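Okay, structure first, notes after.
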Amino acid sequence: MKPSTQLVPELRSGSQVLIEMLKRNGVKQIFGYPGGTIMPVYDALVGAGLKHYLCRHEQGAALAADAYGRVTRKAGVCMATSGPGATNLVTGIANAFMDSVPMVVITGQVPSALQGTDAFQEVDIFGITLPIVKHSYIVRNIADIPRIVNEAFQLAQGGRPGPVLIDLPKDISAGMAEVVYTAPPPQPEMPRPDSNAMQAASEMLSRARRPLIIAGGGIAISDSVDVFREFVARTGIPVTTTLKGLGVMQADDPCYLGMLGMHGNGAANHAVQNCDVLMVVGARFDDRATGHLAQFAQSARVIHLDIDAAEISKLRKADLAIVAELAPALEGIRPEGETSASWFGQCAGWKKEFAWRYDSPGEGIYAPRLLRDLSRAKPEGMTITCDVGQHQMWVAQHCRFDNPLDHLSSGGLGTMGYGLPAAIGAKVAKPENTVVCVSGDGSIMMNVQELATLNRYDIDVKILLLDNSALGLVRQWQEIFFDGNYSEVHLEDNPDFAGVARAFGIQARSIKEPEEVSEAIEWLLNTQGAAMLHVSIDSMENVWPLVPPGKANHRMMKSNPIKEH
Amino acid sequence: MNHTLYIQLSSVEGAVIRALGLIERRGYCLENCTVSKADENGRRMEISVTSSRPGDLLKRQLERLHDVFHVELKPAEPIHQQSQGIRPVTRRK
C-alpha cells in the first residue's frame, strides 16, 4: 500500500503506532529479543505482518540487522528490552556506526515515572549510545512516534548512513492516544559537487605523473560502483581499495592493485608510497590503511571525495576536497590525456612481484589456498561474511569479490562474533544468495548461540570454521612484537566444533588433511541447508605481509623475522 | 590552540550533552561553556576549547549532529587575547 497521510486520528497504543510506522517505512523483517519493558511492542507484533527473527542474544540481533542494512542499503531493524537487553545491543550499534551502516534500533525503557530511579532493568541507553549513533530519541509522547520513526529512517539511510536509536518507555508503548500517521518524507537532496572543484581535480590528475586512487566503502554505500568503474576505465588510473572497498573493482581488472594497508598487497602499498596525486574516494584514512600517517603517501597531493564534510582533513590534509555525492563528482572529473605508461608499467611490475603465493612449506591445510579455492568454486551470487582475526585478513587477501556487497566484514570496530549473525542477516535479506560465514575458533564462540537461530528458521548458511586452536592474530603479534611471550591465546581445549554444530541441528564435518579440501568445499557448498565445515589448520601460521604498527606502509614484513639464537 | 565556537542547537532532550560529549570525545578540552535559551525551540552555546586539532574540524563534526542548527567558529586568537563576550547568533540552517 502506498504510504499516505491519514487525517482522521485513531485511538491506538504506542506500540501499534510504532509497528504501523515501521511498515510504512518499508520494514518487513526485524531481529530482536523480547523482555519486560518491550513486551507491549511484542504484543502488537503478533499478526502485524512483520517477520520477527528471535536471535539468541541481543548482540546477534544487532549484528544481523547490521548485515541486513549493508546488503539492502535500507535500515536493518533490531529490538530489545531495557537494561541488559539494551546494553547487549551496544556492540552491534557501534559496529554499524563505525562502518556507516543504516540501522534503526528500538529499545524498551522503564516507564517514564521510574526513569532516573535505578528501577529494575533501567539503564540510560540513550546516554550510553550517544557517541555511537548518528542520532537518537527518547519518546515522550505517543503522538510523536510517527514523526520520530520517519526521521529515524531518513537519518539512518540518508547521506552517510548510520544507526539511529529510539528508546521507548513502557508507558508510551502501552499507552493509548489519538495519533495521525504521517507519510515518510523524501530524502533531502544531497550536496552536488562544485564545478570549480571538479575542474581543479581534473587538472590535478591531468598534470599527475603517478596518479593513484584509493577506493573505499563509500562507493558501495552510495551505489556508485558502476560510475566508479567507468571512471577508472576512462582514465586508466591504478586503483587500490580499503578493506571495505574490496569488490569495487573487479579482481582481474589490470588497473586493480589489491587492498592497501597493514595486511594489504605489496603492490598497493608501494604504489601509494610512490604516487604524486592520490584521489581518495569514499574512504577515511583509517590507521590500518595508512600505517604511519606522517609517512603515508609523502610525495602525493590529495584529492578527497566524500559525502561527509567532517572526514575532510581529519587525518590527512586534503589539497582539494569535494564534499558531495560520489557519482556526480566522479562523472564530472575528466582529466585529459592518459595515465603515464611508465607509471602503469611500474604498478604492473609491483603487481607481478607481490602476487600472492600458495606454495606453503607446511604439511597441513594452508588457509589462504583453501580460501582461494572456495572463492574459485563460488556459485553466482555468493556472499562471504567474516569474523575478525587472521581468517578475516586471509579472506580479504585471497577471496575475489566482484561486488562489494558480497563481502561483509567488521572493518572499523573489528567485532569478533560478527560473522555468524551477519550471515543470518545477509541470508534473510537476500535468500537467493549463497551465504558463507568464514570464522575462526576464537570468533565463532563469541556468538555461537546463533546456531540455534539458523536451526529455528532453517536459514541456509554455510560456516567455514578455520580452527588454529589459538587467538591467531593476537598470538602472531605476541610472537613478533612481544618476543614470543604468549599470554592467554592458546585454545587447545576448544570444544568439538562439529559436535557443537550437530547439537544445534546443523550438519557438520571436520577435515585436517590438504587432500580433503577440494571435496569438502564441494560438500559445504552443495549440502542442502545450514552446514559447518570445521578445518584444522597450523596454529603457528601467520598473516603476511604485515606492516608493523606505527611503521610506514612500504616497511612491510614479508615473513617471520629471522631470530638469532 | 584556543578556539571559540558559537553553536545554535535544538532544545530537545540530549542535545546539549550530545554536543558536549562530541567535543571532548573528539579531542578538544572544554575550557568554557555557556548555554542559554535562544527561543522556544532553540538554545545557543558559546564554548571555548583548547586542542592541537583544528577548530574548523570540530565545527564540521558539530554540524553533523542532527540537533545542531548552526555553528560559527571565531577566528583563532592567542590564548591571552581571548574575548569573553557572547555574540548573539540568529541564523538557522
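Each chain in the C-alpha cells gets a letter, A, B and so on, in the order shown; residues start at 1 in every chain, and ligands are counted from 1 in the order they appear.
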For the interface of chain A with chain B (cut-off 7 Å, counting only C-alpha atoms), please tabulate each contacting residue of chain A alongside its nearest pair of atoms and their separation in Å to one decimal, rows sorted by chain and increasing number, as a Markdown table.
| residue | atom | partner | partner_atom | distance |
| --- | --- | --- | --- | --- |
| A:Leu130 | CA | B:Arg18 | CA | 6.3 |
| A:Pro131 | CA | B:Leu22 | CA | 6.9 |
| A:His135 | CA | B:His66 | CA | 6.7 |
| A:Ala309 | CA | B:Arg60 | CA | 6.3 |
| A:Ala310 | CA | B:Arg60 | CA | 5.0 |
| A:Lys314 | CA | B:Leu57 | CA | 6.7 |
Selected residues, N, CA, C and O atoms, written as a PDB file, in the first residue's frame, please.
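As written to disk, selection-v4.pdb reads:
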ATOM      1  N   LEU A 130      25.236   7.624  23.056  1.00  0.00           N
ATOM      2  CA  LEU A 130      25.403   8.934  22.388  1.00  0.00           C
ATOM      3  C   LEU A 130      26.588   8.991  21.419  1.00  0.00           C
ATOM      4  O   LEU A 130      26.444   9.502  20.302  1.00  0.00           O
ATOM      5  N   PRO A 131      27.759   8.452  21.797  1.00  0.00           N
ATOM      6  CA  PRO A 131      28.886   8.601  20.850  1.00  0.00           C
ATOM      7  C   PRO A 131      28.860   7.620  19.685  1.00  0.00           C
ATOM      8  O   PRO A 131      29.708   7.701  18.811  1.00  0.00           O
ATOM      9  N   HIS A 135      21.981   9.453  15.412  1.00  0.00           N
ATOM     10  CA  HIS A 135      21.051  10.259  16.195  1.00  0.00           C
ATOM     11  C   HIS A 135      20.265   9.317  17.104  1.00  0.00           C
ATOM     12  O   HIS A 135      20.278   8.103  16.909  1.00  0.00           O
ATOM     13  N   ALA A 309      31.495  16.014   5.275  1.00  0.00           N
ATOM     14  CA  ALA A 309      32.462  17.115   5.369  1.00  0.00           C
ATOM     15  C   ALA A 309      33.415  16.923   6.549  1.00  0.00           C
ATOM     16  O   ALA A 309      34.550  17.401   6.520  1.00  0.00           O
ATOM     17  N   ALA A 310      32.959  16.214   7.592  1.00  0.00           N
ATOM     18  CA  ALA A 310      33.791  16.052   8.783  1.00  0.00           C
ATOM     19  C   ALA A 310      34.943  15.070   8.556  1.00  0.00           C
ATOM     20  O   ALA A 310      35.819  14.937   9.409  1.00  0.00           O
ATOM     21  N   LYS A 314      40.559  15.336   8.370  1.00  0.00           N
ATOM     22  CA  LYS A 314      40.501  14.841   9.753  1.00  0.00           C
ATOM     23  C   LYS A 314      41.852  14.237  10.134  1.00  0.00           C
ATOM     24  O   LYS A 314      42.355  14.455  11.225  1.00  0.00           O
TER      25      LYS A 314
END
So which residues touch B:Ser36 within 9 Å, counting only C-alpha atoms, skipping near sequence neighbours fewer than 6 positions away, as a VMD selection string? chain B and resid 42 to 46
12 Å contact set for A:Arg502, only C-alpha atoms, chain neighbours under 4 positions out, as a PyMOL selection string: chain A and resi 451-452+454-455+496-498+506-510+530-534
Would you list, as number ranges by chain, the residues of stretch 2-84 of chain B that end up in helix (DSSP H, G or I) under DSSP run on this structure's backbone? B: 15-25, 55-63, 79-81
I need the chosen residues saved as a tab-separated table (two decimals), in the first residue's frame, with N, CA and C atoms.
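Writing the result to result.tsv gives the following:
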chain	number	residue	atom	x	y	z
B	15	ALA	N	20.30	17.24	23.53
B	15	ALA	CA	21.05	17.98	22.50
B	15	ALA	C	22.35	18.57	23.06
B	16	VAL	N	22.28	19.14	24.26
B	16	VAL	CA	23.47	19.80	24.82
B	16	VAL	C	24.53	18.76	25.19
B	17	ILE	N	24.09	17.69	25.84
B	17	ILE	CA	25.07	16.68	26.29
B	17	ILE	C	25.69	15.97	25.08
B	18	ARG	N	24.91	15.85	24.02
B	18	ARG	CA	25.44	15.22	22.80
B	18	ARG	C	26.55	16.09	22.20
B	19	ALA	N	26.31	17.40	22.17
B	19	ALA	CA	27.33	18.30	21.62
B	19	ALA	C	28.56	18.33	22.51
B	20	LEU	N	28.34	18.42	23.83
B	20	LEU	CA	29.49	18.48	24.75
B	20	LEU	C	30.28	17.18	24.71
B	21	GLY	N	29.56	16.06	24.64
B	21	GLY	CA	30.23	14.76	24.57
B	21	GLY	C	31.09	14.67	23.34
B	22	LEU	N	30.57	15.13	22.23
B	22	LEU	CA	31.35	15.08	20.98
B	22	LEU	C	32.62	15.91	21.12
B	23	ILE	N	32.49	17.09	21.70
B	23	ILE	CA	33.64	18.00	21.81
B	23	ILE	C	34.79	17.31	22.55
B	24	GLU	N	34.48	16.72	23.69
B	24	GLU	CA	35.55	16.08	24.47
B	24	GLU	C	36.05	14.81	23.79
B	25	ARG	N	35.11	14.04	23.24
B	25	ARG	CA	35.49	12.76	22.64
B	25	ARG	C	36.39	12.95	21.43
B	55	GLY	N	40.20	23.95	14.74
B	55	GLY	CA	38.85	24.35	15.14
B	55	GLY	C	37.82	24.08	14.06
B	56	ASP	N	38.21	24.23	12.79
B	56	ASP	CA	37.22	24.05	11.73
B	56	ASP	C	36.81	22.58	11.61
B	57	LEU	N	37.67	21.66	12.05
B	57	LEU	CA	37.28	20.24	12.04
B	57	LEU	C	36.20	20.00	13.10
B	58	LEU	N	36.37	20.61	14.27
B	58	LEU	CA	35.34	20.48	15.31
B	58	LEU	C	34.03	21.09	14.82
B	59	LYS	N	34.14	22.21	14.13
B	59	LYS	CA	32.93	22.86	13.58
B	59	LYS	C	32.19	21.89	12.67
B	60	ARG	N	32.92	21.22	11.78
B	60	ARG	CA	32.27	20.29	10.84
B	60	ARG	C	31.73	19.06	11.56
B	61	GLN	N	32.42	18.64	12.59
B	61	GLN	CA	31.91	17.48	13.36
B	61	GLN	C	30.63	17.85	14.10
B	62	LEU	N	30.56	19.06	14.65
B	62	LEU	CA	29.34	19.51	15.32
B	62	LEU	C	28.20	19.68	14.32
B	63	GLU	N	28.52	20.16	13.14
B	63	GLU	CA	27.47	20.38	12.13
B	63	GLU	C	26.82	19.07	11.67
B	79	ILE	N	45.93	32.68	23.25
B	79	ILE	CA	45.10	32.45	24.44
B	79	ILE	C	44.94	33.71	25.31
B	80	HIS	N	45.99	34.54	25.45
B	80	HIS	CA	45.90	35.68	26.38
B	80	HIS	C	44.98	36.78	25.85
B	81	GLN	N	44.65	36.75	24.52
B	81	GLN	CA	43.77	37.79	23.97
B	81	GLN	C	42.32	37.31	23.87
Using backbone DSSP assignments, extract all strand (DSSP E or B) residues from stretch 167-351 of chain A; output them as a ChimeraX atom specification. /A:167-169,176-179,211-215,239-241,256-259,277-281,291,301-306,320-323
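Taking only C-alpha atoms into account, B:Met1 lies nearest to B:Ser52 out of the set B:Tyr28, B:Glu40, B:Ser52, B:Val35.
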Distance of atom CA of A:Ala423 from atom CA of A:Leu246, expressed in Å to one decimal place: 17.8 Å
Skip stretch 553-558 of chain A itself and residues of its chain fewer than 3 positions away, then list as a PyMOL selection string all residues within 10 Å of it, counting only C-alpha atoms. chain A and resi 260-274+288-293+295-297+354+543-550+561
For A:Gly69, find every residue with an atom within 10 Å (counting only C-alpha atoms), except residues of its own chain fewer than 3 positions away, and show them as a ChimeraX atom specification. /A:63-66,72-77,96,100-104,156-157,161-163,425-426,429
Provide the atom CA of A:Cys347 to atom CA of A:Gly389 distance in Å, to one decimal place. 28.9 Å
What gap, in Å, lies between atom CA of A:Ala201 and atom CA of A:Gly332? 9.4 Å
I'd like the neighbourhood of A:Arg475 as a PyMOL selection string, where a residue qualifies if any of its atoms comes within 12 Å (using only C-alpha atoms), though same-chain residues fewer than 3 positions away should be ignored. chain A and resi 389-390+442+468-472+478-491+539-543
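Compared by their closest atoms to A:Val227, and using only C-alpha atoms, the residues A:Leu326, A:Ile19, A:Ala200, A:Ile214 rank with A:Leu326 nearest.
Neighbours of A:Asp308 closer than or equal to 8 Å, with only C-alpha atoms counted and sequence neighbours fewer than 5 positions away skipped, come out as Gly159, Arg160, Val323 and Ala324 of chain A.
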Atoms to include: C-alpha atoms. Write the selected residues as a PDB file, in the first residue's frame.
ATOM      1  CA  GLY A 159      23.841  10.981   3.495  1.00  0.00           C
ATOM      2  CA  ARG A 160      26.477   8.971   5.320  1.00  0.00           C
ATOM      3  CA  VAL A 323      32.030  17.082  -0.411  1.00  0.00           C
ATOM      4  CA  ALA A 324      29.213  15.644  -2.460  1.00  0.00           C
TER       5      ALA A 324
END
